[in-house]
>>> print(open('query21.cif').read())   # mmCIF, C-alpha atoms and all ligand atoms
data_my_file
loop_
_atom_site.group_PDB
_atom_site.id
_atom_site.type_symbol
_atom_site.label_atom_id
_atom_site.label_comp_id
_atom_site.auth_asym_id
_atom_site.auth_seq_id
_atom_site.Cartn_x
_atom_site.Cartn_y
_atom_site.Cartn_z
ATOM 1 C CA MET O 293 79.920 8.551 55.069
ATOM 2 C CA GLN O 294 76.722 8.107 57.057
ATOM 3 C CA PRO O 295 73.613 7.086 55.102
ATOM 4 C CA PRO O 296 70.778 9.643 55.274
ATOM 5 C CA ALA O 297 67.801 8.970 57.507
ATOM 6 C CA SER O 298 65.641 8.589 54.405
ATOM 7 C CA SER O 299 67.413 5.271 53.731
ATOM 8 C CA VAL O 300 65.753 3.787 56.805
ATOM 9 C CA PRO O 301 62.799 1.604 55.792
ATOM 10 C CA ASP O 302 59.347 2.287 57.162
ATOM 11 C CA LEU O 303 58.549 0.703 60.495
ATOM 12 C CA PRO O 304 56.927 -2.639 59.571
ATOM 13 C CA ALA O 305 53.275 -2.913 60.606
ATOM 14 C CA ASN O 306 54.193 -6.171 62.356
ATOM 15 C CA ALA O 307 57.310 -4.806 64.072
ATOM 16 C CA ALA O 308 58.434 -5.601 67.584
ATOM 17 C CA LEU O 309 60.007 -2.277 68.513
ATOM 18 C CA PHE O 310 62.939 -2.104 70.950
ATOM 19 C CA LEU O 311 64.139 1.316 72.051
ATOM 20 C CA ASP O 312 67.229 2.271 73.986
ATOM 21 C CA PHE O 313 66.817 5.246 76.355
ATOM 22 C CA ASP O 314 69.897 7.498 76.818
ATOM 23 C CA GLY O 315 71.088 9.003 73.553
ATOM 24 C CA CYS O 316 68.211 7.391 71.656
ATOM 25 C CA LEU O 317 64.872 8.504 73.112
ATOM 26 C CA VAL O 318 66.491 11.332 75.094
ATOM 27 C CA GLU O 319 69.538 13.469 74.412
ATOM 28 C CA ILE O 320 72.670 12.778 76.437
ATOM 29 C CA ALA O 321 72.849 15.055 79.489
ATOM 30 C CA PRO O 322 75.751 16.132 81.742
ATOM 31 C CA ARG O 323 74.657 13.705 84.467
ATOM 32 C CA PRO O 324 72.443 10.585 84.542
ATOM 33 C CA ASP O 325 69.809 12.391 86.634
ATOM 34 C CA ALA O 326 69.725 15.425 84.323
ATOM 35 C CA VAL O 327 68.117 13.934 81.213
ATOM 36 C CA VAL O 328 65.079 15.775 79.908
ATOM 37 C CA ILE O 329 62.066 13.915 78.543
ATOM 38 C CA PRO O 330 61.184 15.605 75.230
ATOM 39 C CA PRO O 331 57.629 16.931 75.003
ATOM 40 C CA GLY O 332 55.470 14.361 73.270
ATOM 41 C CA LEU O 333 57.654 11.338 74.043
ATOM 42 C CA PRO O 334 55.282 9.653 76.536
ATOM 43 C CA GLU O 335 52.329 10.078 74.148
ATOM 44 C CA ARG O 336 54.418 8.833 71.179
ATOM 45 C CA LEU O 337 55.379 5.684 73.089
ATOM 46 C CA ALA O 338 51.788 5.066 74.178
ATOM 47 C CA ARG O 339 50.526 5.418 70.603
ATOM 48 C CA LEU O 340 53.229 3.091 69.264
ATOM 49 C CA HIS O 341 52.261 0.590 71.932
ATOM 50 C CA GLY O 342 48.677 0.687 70.666
ATOM 51 C CA ARG O 343 49.691 0.612 67.002
ATOM 52 C CA LEU O 344 51.986 -2.426 67.471
ATOM 53 C CA GLY O 345 49.671 -4.496 69.634
ATOM 54 C CA GLY O 346 51.785 -3.840 72.708
ATOM 55 C CA ALA O 347 55.077 -4.968 71.117
ATOM 56 C CA VAL O 348 57.168 -2.012 72.291
ATOM 57 C CA ALA O 349 59.964 -2.300 74.846
ATOM 58 C CA LEU O 350 62.525 -0.056 76.465
ATOM 59 C CA VAL O 351 65.942 -1.742 76.622
ATOM 60 C CA SER O 352 68.360 0.161 78.811
ATOM 61 C CA GLY O 353 71.488 0.021 80.901
ATOM 62 C CA ARG O 354 69.511 1.859 83.573
ATOM 63 C CA ASP O 355 67.509 -0.111 86.080
ATOM 64 C CA ILE O 356 63.746 -0.364 85.681
ATOM 65 C CA ALA O 357 62.906 1.833 88.677
ATOM 66 C CA ASP O 358 65.088 4.603 87.264
ATOM 67 C CA LEU O 359 63.359 4.387 83.875
ATOM 68 C CA ARG O 360 59.923 4.371 85.506
ATOM 69 C CA GLY O 361 60.895 7.609 87.240
ATOM 70 C CA PHE O 362 61.371 9.256 83.852
ATOM 71 C CA LEU O 363 58.508 7.532 82.005
ATOM 72 C CA PRO O 364 56.003 6.553 84.712
ATOM 73 C CA ASP O 365 53.157 5.790 82.295
ATOM 74 C CA PHE O 366 55.103 3.760 79.741
ATOM 75 C CA PRO O 367 52.779 0.805 79.001
ATOM 76 C CA GLY O 368 55.255 -1.600 77.374
ATOM 77 C CA ALA O 369 57.870 -4.072 78.507
ATOM 78 C CA ILE O 370 61.103 -2.848 80.068
ATOM 79 C CA ALA O 371 64.466 -4.598 80.046
ATOM 80 C CA GLY O 372 66.687 -2.780 82.533
ATOM 81 C CA SER O 373 70.229 -3.071 83.848
ATOM 82 C CA HIS O 374 71.550 -4.251 80.463
ATOM 83 C CA GLY O 375 68.993 -7.071 80.469
ATOM 84 C CA ALA O 376 69.450 -8.264 84.060
ATOM 85 C CA GLU O 377 65.911 -7.053 84.851
ATOM 86 C CA LEU O 378 62.751 -7.622 82.843
ATOM 87 C CA SER O 379 59.263 -6.233 83.328
ATOM 88 C CA LEU O 380 56.328 -7.412 81.241
ATOM 89 C CA ASP O 381 52.715 -6.229 81.617
ATOM 90 C CA GLY O 382 53.798 -4.159 84.601
ATOM 91 C CA GLN O 383 55.055 -7.264 86.414
ATOM 92 C CA LEU O 384 58.710 -7.739 87.284
ATOM 93 C CA ILE O 385 59.384 -11.208 85.847
ATOM 94 C CA GLN O 386 63.147 -11.218 86.242
ATOM 95 C CA LYS O 387 65.426 -9.423 88.650
ATOM 96 C CA THR O 388 68.573 -11.410 88.885
ATOM 97 C CA HIS O 389 72.106 -11.159 87.700
ATOM 98 C CA GLY O 390 73.217 -14.712 88.453
ATOM 99 C CA VAL O 391 76.333 -13.448 90.212
ATOM 100 C CA ASP O 392 77.144 -13.916 93.885
ATOM 101 C CA LEU O 393 77.876 -10.257 94.419
ATOM 102 C CA ASP O 394 78.280 -8.107 97.519
ATOM 103 C CA LEU O 395 76.824 -5.007 95.934
ATOM 104 C CA ASP O 396 77.497 -2.692 98.880
ATOM 105 C CA SER O 397 81.114 -3.760 98.914
ATOM 106 C CA LEU O 398 81.424 -3.137 95.157
ATOM 107 C CA HIS O 399 79.865 0.318 95.509
ATOM 108 C CA ARG O 400 82.114 1.176 98.454
ATOM 109 C CA ALA O 401 85.227 -0.027 96.635
ATOM 110 C CA ALA O 402 84.371 2.034 93.541
ATOM 111 C CA ALA O 403 83.713 5.181 95.581
ATOM 112 C CA ALA O 404 86.887 4.739 97.645
ATOM 113 C CA ALA O 405 89.020 4.210 94.544
ATOM 114 C CA VAL O 406 88.017 7.570 93.041
ATOM 115 C CA ALA O 407 87.645 9.543 96.271
ATOM 116 C CA ASP O 408 90.564 11.760 95.225
ATOM 117 C CA SER O 409 88.832 12.673 91.959
ATOM 118 C CA PRO O 410 85.535 14.349 92.837
ATOM 119 C CA ALA O 411 84.809 15.055 89.166
ATOM 120 C CA ILE O 412 84.229 11.318 88.694
ATOM 121 C CA LEU O 413 80.587 10.494 89.308
ATOM 122 C CA VAL O 414 79.878 7.147 90.979
ATOM 123 C CA GLU O 415 76.551 5.677 89.854
ATOM 124 C CA ARG O 416 75.469 2.965 92.275
ATOM 125 C CA LYS O 417 73.367 0.516 90.281
ATOM 126 C CA PRO O 418 71.361 -2.489 91.531
ATOM 127 C CA HIS O 419 73.325 -4.833 89.269
ATOM 128 C CA GLY O 420 76.708 -3.128 89.205
ATOM 129 C CA VAL O 421 78.340 0.256 89.187
ATOM 130 C CA ALA O 422 79.265 2.972 86.690
ATOM 131 C CA LEU O 423 82.007 5.565 86.905
ATOM 132 C CA HIS O 424 81.339 8.671 84.789
ATOM 133 C CA TYR O 425 84.120 11.020 83.642
ATOM 134 C CA ARG O 426 81.957 13.371 81.527
ATOM 135 C CA ALA O 427 82.718 16.289 83.895
ATOM 136 C CA ASP O 428 86.449 15.872 83.196
ATOM 137 C CA PRO O 429 87.277 13.655 80.199
ATOM 138 C CA SER O 430 90.987 13.737 81.119
ATOM 139 C CA LEU O 431 90.066 11.340 83.932
ATOM 140 C CA ARG O 432 89.198 8.544 81.490
ATOM 141 C CA PRO O 433 92.466 6.628 82.151
ATOM 142 C CA VAL O 434 91.836 6.802 85.895
ATOM 143 C CA VAL O 435 88.338 5.397 85.457
ATOM 144 C CA GLU O 436 89.529 2.665 83.093
ATOM 145 C CA GLU O 437 92.276 1.589 85.491
ATOM 146 C CA VAL O 438 89.997 1.545 88.533
ATOM 147 C CA MET O 439 87.284 -0.379 86.717
ATOM 148 C CA ALA O 440 89.773 -2.924 85.358
ATOM 149 C CA GLN O 441 90.945 -3.571 88.921
ATOM 150 C CA LEU O 442 87.365 -3.858 90.184
ATOM 151 C CA ALA O 443 86.544 -6.300 87.375
ATOM 152 C CA ASP O 444 89.521 -8.464 88.378
ATOM 153 C CA ALA O 445 88.368 -8.427 91.995
ATOM 154 C CA HIS O 446 84.738 -9.327 91.190
ATOM 155 C CA PRO O 447 84.403 -12.606 89.263
ATOM 156 C CA GLY O 448 81.269 -12.708 87.160
ATOM 157 C CA MET O 449 81.299 -8.980 86.532
ATOM 158 C CA VAL O 450 82.505 -7.604 83.188
ATOM 159 C CA LEU O 451 83.484 -4.195 81.878
ATOM 160 C CA GLN O 452 80.886 -2.380 79.803
ATOM 161 C CA PRO O 453 82.299 0.720 78.098
ATOM 162 C CA ALA O 454 79.716 3.487 77.789
ATOM 163 C CA LYS O 455 79.580 7.134 76.737
ATOM 164 C CA MET O 456 82.070 9.018 78.947
ATOM 165 C CA ALA O 457 81.718 6.197 81.452
ATOM 166 C CA VAL O 458 82.775 2.656 82.211
ATOM 167 C CA GLU O 459 80.364 0.244 83.843
ATOM 168 C CA LEU O 460 80.639 -3.114 85.540
ATOM 169 C CA ARG O 461 77.715 -5.368 84.723
ATOM 170 C CA PRO O 462 76.998 -9.065 85.319
ATOM 171 C CA SER O 463 78.622 -11.175 82.607
ATOM 172 C CA GLY O 464 75.367 -13.034 81.977
ATOM 173 C CA ALA O 465 73.390 -9.861 81.306
ATOM 174 C CA GLY O 466 73.160 -8.331 77.855
ATOM 175 C CA LYS O 467 70.660 -6.546 75.690
ATOM 176 C CA ASP O 468 70.753 -9.393 73.130
ATOM 177 C CA GLY O 469 69.538 -11.796 75.817
ATOM 178 C CA ALA O 470 66.742 -9.379 76.694
ATOM 179 C CA LEU O 471 65.605 -9.344 73.061
ATOM 180 C CA ASP O 472 65.761 -13.120 72.950
ATOM 181 C CA ARG O 473 63.534 -13.470 76.004
ATOM 182 C CA LEU O 474 61.007 -10.901 74.816
ATOM 183 C CA MET O 475 60.834 -12.279 71.266
ATOM 184 C CA ALA O 476 59.865 -15.662 72.732
ATOM 185 C CA VAL O 477 56.641 -14.389 74.304
ATOM 186 C CA PRO O 478 53.495 -12.490 73.248
ATOM 187 C CA PRO O 479 53.026 -9.820 72.021
ATOM 188 C CA PHE O 480 56.579 -9.822 70.611
ATOM 189 C CA ALA O 481 56.756 -13.415 69.276
ATOM 190 C CA GLY O 482 56.369 -13.729 65.512
ATOM 191 C CA ARG O 483 57.042 -10.049 64.835
ATOM 192 C CA VAL O 484 59.929 -8.354 63.027
ATOM 193 C CA PRO O 485 62.473 -7.058 65.564
ATOM 194 C CA VAL O 486 63.491 -3.430 65.074
ATOM 195 C CA TYR O 487 66.064 -2.031 67.505
ATOM 196 C CA ALA O 488 67.231 1.581 67.845
ATOM 197 C CA GLY O 489 70.206 2.463 70.016
ATOM 198 C CA ASP O 490 73.223 4.724 70.256
ATOM 199 C CA ASP O 491 75.820 3.023 72.411
ATOM 200 C CA LEU O 492 78.220 0.062 72.484
ATOM 201 C CA THR O 493 75.864 -1.888 74.734
ATOM 202 C CA ASP O 494 73.266 -1.736 71.925
ATOM 203 C CA GLU O 495 75.440 -3.349 69.273
ATOM 204 C CA VAL O 496 74.751 -6.958 70.316
ATOM 205 C CA ALA O 497 71.017 -6.221 70.340
ATOM 206 C CA MET O 498 71.085 -4.649 66.886
ATOM 207 C CA ALA O 499 73.053 -7.652 65.598
ATOM 208 C CA HIS O 500 70.481 -9.934 67.213
ATOM 209 C CA ALA O 501 67.567 -8.096 65.594
ATOM 210 C CA GLN O 502 69.250 -8.303 62.203
ATOM 211 C CA ALA O 503 70.039 -12.018 62.627
ATOM 212 C CA HIS O 504 66.339 -12.615 63.257
ATOM 213 C CA GLY O 505 64.953 -10.918 60.159
ATOM 214 C CA GLY O 506 64.717 -7.357 61.449
ATOM 215 C CA PHE O 507 66.984 -4.339 61.447
ATOM 216 C CA GLY O 508 68.973 -2.070 63.699
ATOM 217 C CA ILE O 509 69.128 1.722 63.665
ATOM 218 C CA LYS O 510 72.236 3.384 65.045
ATOM 219 C CA ILE O 511 71.495 6.787 66.535
ATOM 220 C CA GLY O 512 74.405 9.200 66.087
ATOM 221 C CA GLU O 513 77.972 8.654 65.002
ATOM 222 C CA GLY O 514 80.369 5.778 65.524
ATOM 223 C CA GLU O 515 81.100 2.321 64.210
ATOM 224 C CA THR O 516 78.084 0.044 64.167
ATOM 225 C CA VAL O 517 76.716 -3.254 62.956
ATOM 226 C CA ALA O 518 73.341 -1.593 62.320
ATOM 227 C CA HIS O 519 72.095 -1.520 58.755
ATOM 228 C CA HIS O 520 70.626 1.959 59.253
ATOM 229 C CA ARG O 521 71.492 5.197 60.969
ATOM 230 C CA MET O 522 69.795 8.358 62.175
ATOM 231 C CA SER O 523 71.504 11.520 63.353
ATOM 232 C CA ASP O 524 69.936 12.015 66.772
ATOM 233 C CA PRO O 525 66.908 11.328 69.005
ATOM 234 C CA ALA O 526 64.898 14.028 67.183
ATOM 235 C CA ALA O 527 65.348 12.191 63.862
ATOM 236 C CA LEU O 528 64.175 8.961 65.474
ATOM 237 C CA ALA O 529 61.141 10.775 66.902
ATOM 238 C CA ARG O 530 60.240 12.092 63.426
ATOM 239 C CA TRP O 531 60.549 8.592 61.935
ATOM 240 C CA LEU O 532 58.338 7.122 64.654
ATOM 241 C CA ASP O 533 55.787 9.898 64.170
ATOM 242 C CA GLY O 534 55.812 9.099 60.439
ATOM 243 C CA ALA O 535 54.923 5.496 61.247
ATOM 244 C CA LEU O 536 52.039 6.668 63.400
ATOM 245 C CA MET O 537 50.770 8.961 60.622
ATOM 246 C CA GLU O 538 50.764 6.077 58.128
ATOM 247 C CA ALA O 539 48.694 3.996 60.515
ATOM 248 C CA ARG O 540 45.805 6.479 60.457
HETATM 249 O O1 LIG O 601 71.188 1.774 77.638
HETATM 250 P P1 LIG O 601 70.929 3.228 77.828
HETATM 251 O O2 LIG O 601 69.502 3.553 78.094
HETATM 252 O O3 LIG O 601 71.499 4.055 76.694
HETATM 253 O O4 LIG O 601 71.732 3.636 79.146
HETATM 254 C C1 LIG O 601 73.167 3.598 79.111
HETATM 255 C C2 LIG O 601 73.700 4.345 80.311
HETATM 256 O O5 LIG O 601 73.107 5.645 80.258
HETATM 257 C C3 LIG O 601 73.376 6.548 81.321
HETATM 258 O O6 LIG O 601 74.651 7.130 81.131
HETATM 259 C C4 LIG O 601 74.748 7.847 79.904
HETATM 260 O O7 LIG O 601 73.765 8.895 79.869
HETATM 261 C C5 LIG O 601 73.939 9.945 80.846
HETATM 262 C C6 LIG O 601 72.772 10.903 80.721
HETATM 263 O O8 LIG O 601 72.644 11.369 79.408
HETATM 264 C C7 LIG O 601 75.287 10.634 80.596
HETATM 265 O O9 LIG O 601 75.484 11.684 81.555
HETATM 266 C C8 LIG O 601 76.410 9.600 80.680
HETATM 267 O O10 LIG O 601 77.641 10.221 80.336
HETATM 268 C C9 LIG O 601 76.143 8.441 79.718
HETATM 269 O O11 LIG O 601 77.107 7.409 79.887
HETATM 270 C C10 LIG O 601 73.220 5.915 82.679
HETATM 271 O O12 LIG O 601 73.783 6.742 83.659
HETATM 272 C C11 LIG O 601 73.806 4.508 82.768
HETATM 273 O O13 LIG O 601 73.393 3.891 83.984
HETATM 274 C C12 LIG O 601 73.281 3.681 81.611
HETATM 275 O O14 LIG O 601 73.801 2.354 81.680
#
>>> encode(input="query21.cif", output="structure tokens", more="lines below")
Ligand SMILES: O=P(O)(O)OC[C@H]1O[C@H](O[C@H]2O[C@H](CO)[C@@H](O)[C@H](O)[C@H]2O)[C@H](O)[C@@H](O)[C@@H]1O
Amino acid sequence: MQPPASSVPDLPANAALFLDFDGCLVEIAPRPDAVVIPPGLPERLARLHGRLGGAVALVSGRDIADLRGFLPDFPGAIAGSHGAELSLDGQLIQKTHGVDLDLDSLHRAAAAAVADSPAILVERKPHGVALHYRADPSLRPVVEEVMAQLADAHPGMVLQPAKMAVELRPSGAGKDGALDRLMAVPPFAGRVPVYAGDDLTDEVAMAHAQAHGGFGIKIGEGETVAHHRMSDPAALARWLDGALMEAR
């Protein structure tokens, strides 16, 4: 039984707010490039940024450039590529995955391995690769097999299951590490970490927030470590708007 959204506490006035992107701020779409930014989202994020003294961050499996394409005016920090990239105050302060990786070769190998299955979408990422089977879920075993082989062939890269997709990401990256780095610096340091996310990659970050005095909010269904849950991105938007109303 999922707890109702009303069981989620109010956003603390001294929160450090960490928000996942796909499935959390925006609804899941048929393809990565097809997500739609809900009306009001950019303004909501800007107002939260002001309300929380700048302590608002996007934490995504997407790379930072991709996120900036969707939210060009977002004023907060961005942790991209599952934490392999970090941008603070508009400055890229980290863009490394710590793996000696021939990215072109990885991308070519992934594309070649699924060339016979055009329904599988190959997402070439700056710190790895994702294979999406949303267009034909029966292809999940094919994707899992190919990605397992690619993981074996690329030391330092690990499998990251996602929604209707499997990714390869650097083993040293992770959203929990991104939270750790942000919580060590202003304006995040000393605040209560609150993390909202919908996917497996968010679980370590929600656990991290909860281990450091804050809480996690799972968006949607599925097993989670989060202490709280909301049904969908619209419910999260309403909760965030409620926090902004209280601040008036
Ligand atoms: O950490 P996130 O911001 O949640 O990003 C996770 C991955 O999201 C994207 O894929 C997912 O969303 C797509 C668009 O809704 C959907 O078509 C796909 O099936 C989902 O897996 C993105 O493409 C990945 O790069 C992100 O890592």
>>> resolve_selection(input="query21.cif", expression="the PyMOL selection byres (((not hetatm)) within 9 of (chain O and resi 601))", output="PyMOL selection string")
chain O and resi 311-328+350-355+358-359+372-374+415-417+421-427+452-459+467+489-494
>>> atom_distance(input="query21.cif", atom1="CA of Leu344 in chain O", atom2="CA of Ala308 in chain O")
7.2 Å
>>> residues_around(input="query21.cif", residues="Leu442 in chain O", least_positions_apart="3", cutoff="12 Å", atoms="all atoms listed in the file", output="count of residues only")
30
>>> resolve_selection(input="query21.cif", expression="the PyMOL selection byres (((chain O and resi 528-530) around 9) and not hetatm)", output="PDB file with C-alpha atoms, in the coordinates of the input")
ATOM      1  CA  ALA O 297      67.801   8.970  57.507  1.00  0.00           C
ATOM      2  CA  CYS O 316      68.211   7.391  71.656  1.00  0.00           C
ATOM      3  CA  LEU O 317      64.872   8.504  73.112  1.00  0.00           C
ATOM      4  CA  LEU O 333      57.654  11.338  74.043  1.00  0.00           C
ATOM      5  CA  ARG O 336      54.418   8.833  71.179  1.00  0.00           C
ATOM      6  CA  ALA O 488      67.231   1.581  67.845  1.00  0.00           C
ATOM      7  CA  ILE O 509      69.128   1.722  63.665  1.00  0.00           C
ATOM      8  CA  ILE O 511      71.495   6.787  66.535  1.00  0.00           C
ATOM      9  CA  MET O 522      69.795   8.358  62.175  1.00  0.00           C
ATOM     10  CA  SER O 523      71.504  11.520  63.353  1.00  0.00           C
ATOM     11  CA  ASP O 524      69.936  12.015  66.772  1.00  0.00           C
ATOM     12  CA  PRO O 525      66.908  11.328  69.005  1.00  0.00           C
ATOM     13  CA  ALA O 526      64.898  14.028  67.183  1.00  0.00           C
ATOM     14  CA  ALA O 527      65.348  12.191  63.862  1.00  0.00           C
ATOM     15  CA  TRP O 531      60.549   8.592  61.935  1.00  0.00           C
ATOM     16  CA  LEU O 532      58.338   7.122  64.654  1.00  0.00           C
ATOM     17  CA  ASP O 533      55.787   9.898  64.170  1.00  0.00           C
ATOM     18  CA  GLY O 534      55.812   9.099  60.439  1.00  0.00           C
ATOM     19  CA  ALA O 535      54.923   5.496  61.247  1.00  0.00           C
TER      20      ALA O 535
END
>>> atom_distance(input="query21.cif", atom1="CA of Pro367 in chain O", atom2="CA of Ala349 in chain O")
8.9 Å
>>> closest_residue(input="query21.cif", among="O:Ile412, O:Ala347, O:Leu363, O:Ile356", to="Gly332 in chain O", atoms="all atoms listed in the file")
O:Leu363
>>> atom_distance(input="query21.cif", atom1="CA of Gly505 in chain O", atom2="CA of Ala470 in chain O")
16.7 Å
>>> residues_around(input="query21.cif", residues="Ser379 in chain O", least_positions_apart="5", cutoff="8 Å", atoms="all atoms listed in the file", output="list in words")
Ile356, Ala369, Ile370, Ala371, Leu384, Ile385 and Gln386 of chain O
>>> decode(input="query21.cif", residues="range 445-470 of chain O", atoms="C-alpha atoms", output="mmCIF file, in the first residue's frame")
data_model
loop_
_atom_site.group_PDB
_atom_site.id
_atom_site.type_symbol
_atom_site.label_atom_id
_atom_site.label_comp_id
_atom_site.auth_asym_id
_atom_site.auth_seq_id
_atom_site.Cartn_x
_atom_site.Cartn_y
_atom_site.Cartn_z
ATOM 1 C CA ALA O 445 34.619 -5.671 -22.193
ATOM 2 C CA HIS O 446 34.932 -2.230 -20.552
ATOM 3 C CA PRO O 447 36.586 -2.359 -17.113
ATOM 4 C CA GLY O 448 35.512 0.511 -14.908
ATOM 5 C CA MET O 449 32.065 0.700 -16.448
ATOM 6 C CA VAL O 450 29.056 -0.752 -14.611
ATOM 7 C CA LEU O 451 25.492 -1.603 -15.540
ATOM 8 C CA GLN O 452 22.838 0.887 -14.485
ATOM 9 C CA PRO O 453 19.309 -0.461 -14.976
ATOM 10 C CA ALA O 454 16.847 2.278 -15.902
ATOM 11 C CA LYS O 455 13.232 2.580 -17.027
ATOM 12 C CA MET O 456 12.887 0.496 -20.216
ATOM 13 C CA ALA O 457 16.625 0.900 -20.680
ATOM 14 C CA VAL O 458 19.986 -0.338 -19.494
ATOM 15 C CA GLU O 459 22.907 2.044 -19.189
ATOM 16 C CA LEU O 460 26.640 1.697 -18.774
ATOM 17 C CA ARG O 461 28.070 4.333 -16.471
ATOM 18 C CA PRO O 462 31.476 4.825 -14.830
ATOM 19 C CA SER O 463 31.716 2.758 -11.649
ATOM 20 C CA GLY O 464 32.921 5.773 -9.673
ATOM 21 C CA ALA O 465 29.919 7.904 -10.606
ATOM 22 C CA GLY O 466 26.728 7.875 -8.575
ATOM 23 C CA LYS O 467 24.050 10.255 -7.442
ATOM 24 C CA ASP O 468 24.991 9.666 -3.777
ATOM 25 C CA GLY O 469 28.487 10.977 -4.505
ATOM 26 C CA ALA O 470 26.976 14.029 -6.187
#
